[in-house]
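Everything below concerns the one structure shown next.
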Amino acid sequence: MKLRAAIAALALAGLGIAVYLTVLHYAHVAPICATGGCETVQKSKYAELAGVPVALLGALAYVALLVCALLRGVTAALAGAAIALVGLAFSAYLLWAQLGPIGAICQWCLGNDAIMLALAVLCVLRALREQ
Amino acid sequence: MTSRQRIYVLGGVLGVALIAVVLAIAFAGGSKKAGPASPVLSHESSAFLAGVPQHGDTLGRPDAPATVYVFEDPQCPYCRDWSIGTLPSVVGTFVKTGRVKLVWHGIPIVGQDSMPGLTAAYGAGKQNRLWNFVDQLYKRQGAENSGWINDATLRDAAKASGVNADRMLADAKTVDPRIRQSESEANTYGVNGTPSFVVNGKLLPLTSLQPGDFNTALAAALGQ
């Protein structure tokens, strides 16, 4: 139960970041940024995948993780872990894009990376323990 | 399902995801650095501002019935897009007709590199050419925090906007309180990004910065 609650809390935090970035993406407004590179990242080609903002994809993933956390059972646990692992791999790809081709760092993306890493660990733990 | 089977399933998912990432990186070609966010513009004059009264940070007739606060950062690419792509239309539709006056509020959103641009803009405001100077600065915008806001760029933009650069840079040393005031007002109105616009004391809700959409939203906020 504690594991599911922690996963739900992290998914909500990630959802908050993803929704904030999605809204700003469509409003063409720059996010608050302490690292100084958020707009560069937001305006790069890596901010969209097939025309869909990656922030929106992230929001959908966090909603799915939240649903999996609220459901009991092995299937929900395995689905959550699979989504979190795919999310973690995609986050790694976006981190590579920031450090390499874009040449700028976005604090919101780093926050998302940290949350997705924690979610992946917790979801895998849950998937191995769930009865 | 046994623990071993679960490990196999998740290992398979992770493996496929990692292969997809590796392929994406390989096909993206990782050596290219991103250039400036938008193409470099020629430094044409700010003709759309000709004949529009300016006083300090205010553009338009002082007795205009409506006031729009414009929150910007000279390093912000979206501010540049709005300033170059949409502001001329706003000036033509709302400011030259005496319906609105614009008050520039410069705030450092992108980083500390923004400060010399902000202080220089307010310095240009002492010569009642702030809006010309900001327009010229946007036309010279480089990558965020790359050091493009330097003495040479500021002097070049000042020259192109009819501003005495020496006086502007001297006055720039005295305008920190004005920037603090802008930051305070940004907090008051809930400004959490740039560009943002406050119309008669209310944050303007926007879905697009394109001229047509922006002017429609502004007209709606003005009740016109």
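Chain lettering (A, B, ...) mirrors the order of the structure tokens, residue numbering begins at 1 for each chain separately, and ligand numbering begins at 1 in order of display.
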- For region 6-17 of chain A, please output as a PyMOL selection string all residues within 8 Å (counting only C-alpha atoms; exclusion window: fewer than 3 positions along the same chain). chain A and resi 2-3+20-21+58-59+62-63+65-66+69-70+108+112+115-116+118-119+122-123
- Item | Interface, chain A side, toward chain B (9 Å; only C-alpha atoms) as a ChimeraX atom specification | /A:23-24,26-40,43-44,74,78,81-83,85-90,92-93,96-97,100-104,124,127-129
- Item | For region 59-68 of chain B: contacts at 6 Å, only C-alpha atoms, fewer than 6 positions along chain excluded, given as number ranges by chain | B: 52-53, 95, 98-102, 198-200
Please produce an output containing C-alpha atoms for each residue in the selection, written as a tab-separated table (two decimals), in the first residue's frame.
```
chain	number	residue	atom	x	y	z
B	52	VAL	CA	3.76	57.03	-31.94
B	53	PRO	CA	4.32	59.04	-28.75
B	95	VAL	CA	-2.00	52.18	-30.07
B	98	GLY	CA	-5.48	55.94	-29.23
B	99	ARG	CA	-7.35	52.97	-27.74
B	100	VAL	CA	-4.44	51.58	-25.75
B	101	LYS	CA	-1.10	52.56	-24.31
B	102	LEU	CA	1.58	49.92	-23.72
B	198	VAL	CA	-1.78	42.59	-18.14
B	199	VAL	CA	-4.79	44.47	-19.47
B	200	ASN	CA	-6.27	47.06	-17.13
```
- Message: as a list in words, please: every residue in region 10-64 of chain A that DSSP puts in strand (DSSP E or B).
- Response: Glu48, Leu49, Val52 and Pro53 of chain A
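What separates CA of Gly201 (chain B) from CA of Leu118 (chain B) is a distance of 22.5 Å.
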- Compile the contact shell of region 155-162 of chain B as a ChimeraX atom specification: residues with an atom at most 12 Å away, counting only C-alpha atoms, same-chain residues fewer than 5 positions apart removed. /B:42-47,49-50,116-117,120-125,127-141,148-150,167-169
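Near Leu95 (chain A), within 8 Å and counting only C-alpha atoms, sit Ser91, Leu99, Cys109, Leu110 and Asp113 of chain A, not including residues fewer than 4 positions from it in the same chain.
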Take the residues just selected and output them with C-alpha atoms as an mmCIF file, in the first residue's frame.
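Contents of the output file selection_15.cif:
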```cif
data_model
loop_
_atom_site.group_PDB
_atom_site.id
_atom_site.type_symbol
_atom_site.label_atom_id
_atom_site.label_comp_id
_atom_site.auth_asym_id
_atom_site.auth_seq_id
_atom_site.Cartn_x
_atom_site.Cartn_y
_atom_site.Cartn_z
ATOM 1 C CA SER A 91 13.639 10.670 -20.444
ATOM 2 C CA LEU A 99 23.280 17.750 -23.267
ATOM 3 C CA CYS A 109 12.992 18.338 -17.721
ATOM 4 C CA LEU A 110 15.553 17.473 -15.035
ATOM 5 C CA ASP A 113 13.849 12.845 -15.157
#
```
- Task: From a DSSP pass on the backbone, collect the residues of region 25-187 of chain B flagged as helix (DSSP H, G or I) and hand them back as a ChimeraX atom specification.
- Result: /B:25-28,47-49,77-85,87-95,114-125,130-138,151-160,165-172,176-187
- Item | Separation of CA of Thr58 (chain B) from CA of Asn187 (chain B), in Å and rounded to one decimal | 20.3 Å
